[in-house]
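Student: Below are the structure tokens for one structure; questions will follow.
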Number of protein chains: 2
Amino acid sequence: MAKVRTPPIYTTPTDAAMAFYQAFEAKDVDAMMTTWAEDEEIVCVHPGGTRLVGYDAVRQGWEQLFAGDARLTFRLDQVVMIETVGLAMQSAIEHLQAGEEGTRGAAVATNVMMRTPSGWRIVCHHASPAPPVSDAPASGPLH
Amino acid sequence: MAKVRTPPIYTTPTDAAMAFYQAFEAKDVDAMMTTWAEDEEIVCVHPGGTRLVGYDAVRQGWEQLFAGDARLTFRLDQVVMIETVGLAMQSAIEHLQAGEEGTRGAAVATNVMMRTPSGWRIVCHHASPAPPVSDAPASGPLH
């Protein structure tokens, strides 16, 4: 049974990015794809994965990712946003947690949103593993 | 001895991106930094590295990278460009070679350029290692 949904209109780049992460946490492919521009030039790079280009390839990538058992939760940190009238860039550290007590990790994400006739939509999501953060030498004492 | 250079004005996002890769190949920190916006919101992620934010941190990152022996050459492949009046995004596969007969590798790069009073400048470079490309299963026959 196909769900009939009116595609939402995101009035700011931040709204589109928030909806993106909400759909990611909900593992909802349809909701995820309403945050993307329907365009052959959209780009998605999952951490360590092949670059996916175009609406169909990006959708398939999310279907594969959401087919797994893990349910991720995100907390964005150190967000940088550059916004112009037609295009916006968000850079952030994604703190991820798999399940309620699950493993934690971090990724660096660059998201690019474009203003379309249907509101702001994602045109690029590039995520890559963040190295462990350490100001002190790894083998040194904490204090 | 400080070199006195008039900062170039890049009239298109592509010009800024080309100058970026030329400076990268030349290992020229000053030329590299004239391709970047003088801004505290600029973001640079080298493959596997920590995210660097702000002009000084980005410059130090290039100084460290260029201090090494390797001289890289780049060939960009499968370029996707989204361009608006104020901001542009370039996504590409970077094919890298270290030295004339050196090792080869590939990275996925997302570059974001912004139109500033001084022309188009880089505001984000996010590069991460590209996985080996294989359409066929690794253990399967080619035909």
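Ordering of the structure tokens sets the chain letters (A, B, ...), residue numbers begin anew at 1 in every chain, and ligands are numbered from 1 in the order given.
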Could you please select, counting only C-alpha atoms, the residues of chain A within 12 Å of chain B and state them as a PyMOL selection string?
Tutor: chain A and resi 37+39-54+77-94+106-116+122-135
Student: Write out as a PyMOL selection string each polymer residue whose atoms come within 12 Å of B:Met33, counting only C-alpha atoms; drop sequence neighbours fewer than 6 positions from it.
Tutor: chain B and resi 5+7-8+16+19-24+27+39+42+44+54-63+121-123
Student: Among chain A, which ones does DSSP assign to helix (DSSP H, G or I) (computed from the backbone)? Answer as a ChimeraX atom specification.
Tutor: /A:13-26,29-34,55-67
Student: For the residues selected in the previous step, produce a file with C-alpha atoms as a PDB file, in the first residue's frame.
Tutor:
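To be explicit, this is the file written out as result00.pdb:
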ATOM      1  CA  PRO A  13      18.121  25.172   4.767  1.00  0.00           C
ATOM      2  CA  THR A  14      18.166  24.308   8.481  1.00  0.00           C
ATOM      3  CA  ASP A  15      14.625  22.913   8.258  1.00  0.00           C
ATOM      4  CA  ALA A  16      15.685  20.658   5.371  1.00  0.00           C
ATOM      5  CA  ALA A  17      18.746  19.476   7.291  1.00  0.00           C
ATOM      6  CA  MET A  18      16.698  18.790  10.431  1.00  0.00           C
ATOM      7  CA  ALA A  19      14.160  16.782   8.419  1.00  0.00           C
ATOM      8  CA  PHE A  20      17.051  14.865   6.864  1.00  0.00           C
ATOM      9  CA  TYR A  21      18.352  13.744  10.262  1.00  0.00           C
ATOM     10  CA  GLN A  22      14.837  12.998  11.547  1.00  0.00           C
ATOM     11  CA  ALA A  23      14.231  10.729   8.534  1.00  0.00           C
ATOM     12  CA  PHE A  24      17.658   9.151   9.102  1.00  0.00           C
ATOM     13  CA  GLU A  25      16.794   8.340  12.731  1.00  0.00           C
ATOM     14  CA  ALA A  26      13.337   7.060  11.724  1.00  0.00           C
ATOM     15  CA  VAL A  29      13.151   6.178   3.038  1.00  0.00           C
ATOM     16  CA  ASP A  30      10.141   8.121   1.749  1.00  0.00           C
ATOM     17  CA  ALA A  31      10.598  10.872   4.324  1.00  0.00           C
ATOM     18  CA  MET A  32      14.329  10.896   3.615  1.00  0.00           C
ATOM     19  CA  MET A  33      13.808  11.342  -0.118  1.00  0.00           C
ATOM     20  CA  THR A  34      11.403  14.249   0.366  1.00  0.00           C
ATOM     21  CA  TYR A  55      18.044  10.485  -7.297  1.00  0.00           C
ATOM     22  CA  ASP A  56      17.670   6.751  -7.944  1.00  0.00           C
ATOM     23  CA  ALA A  57      21.183   5.841  -6.767  1.00  0.00           C
ATOM     24  CA  VAL A  58      20.819   7.999  -3.659  1.00  0.00           C
ATOM     25  CA  ARG A  59      17.456   6.402  -2.847  1.00  0.00           C
ATOM     26  CA  GLN A  60      18.875   2.891  -3.261  1.00  0.00           C
ATOM     27  CA  GLY A  61      21.722   3.831  -0.934  1.00  0.00           C
ATOM     28  CA  TRP A  62      19.276   4.790   1.812  1.00  0.00           C
ATOM     29  CA  GLU A  63      17.203   1.654   1.227  1.00  0.00           C
ATOM     30  CA  GLN A  64      20.313  -0.482   1.740  1.00  0.00           C
ATOM     31  CA  LEU A  65      21.405   1.473   4.797  1.00  0.00           C
ATOM     32  CA  PHE A  66      17.966   1.351   6.409  1.00  0.00           C
ATOM     33  CA  ALA A  67      17.636  -2.383   5.712  1.00  0.00           C
TER      34      ALA A  67
END
Student: Please run DSSP on the backbone and report, as number ranges by chain, all residues within chain A that come out as strand (DSSP E or B).
Tutor: A: 10, 36, 43-45, 51-53, 72-83, 87-98, 104-116, 119-129
Student: Could you tell me how far atom CA of B:Arg75 lies from atom CA of B:Ser118, in Å and to one decimal?
Tutor: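 Those two atoms sit 27.0 Å apart.
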Student: Using Å and a single decimal, report how far atom CA of B:Thr103 sits from atom CA of B:Gly68.
Tutor: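 Interatomic distance here is 15.0 Å.
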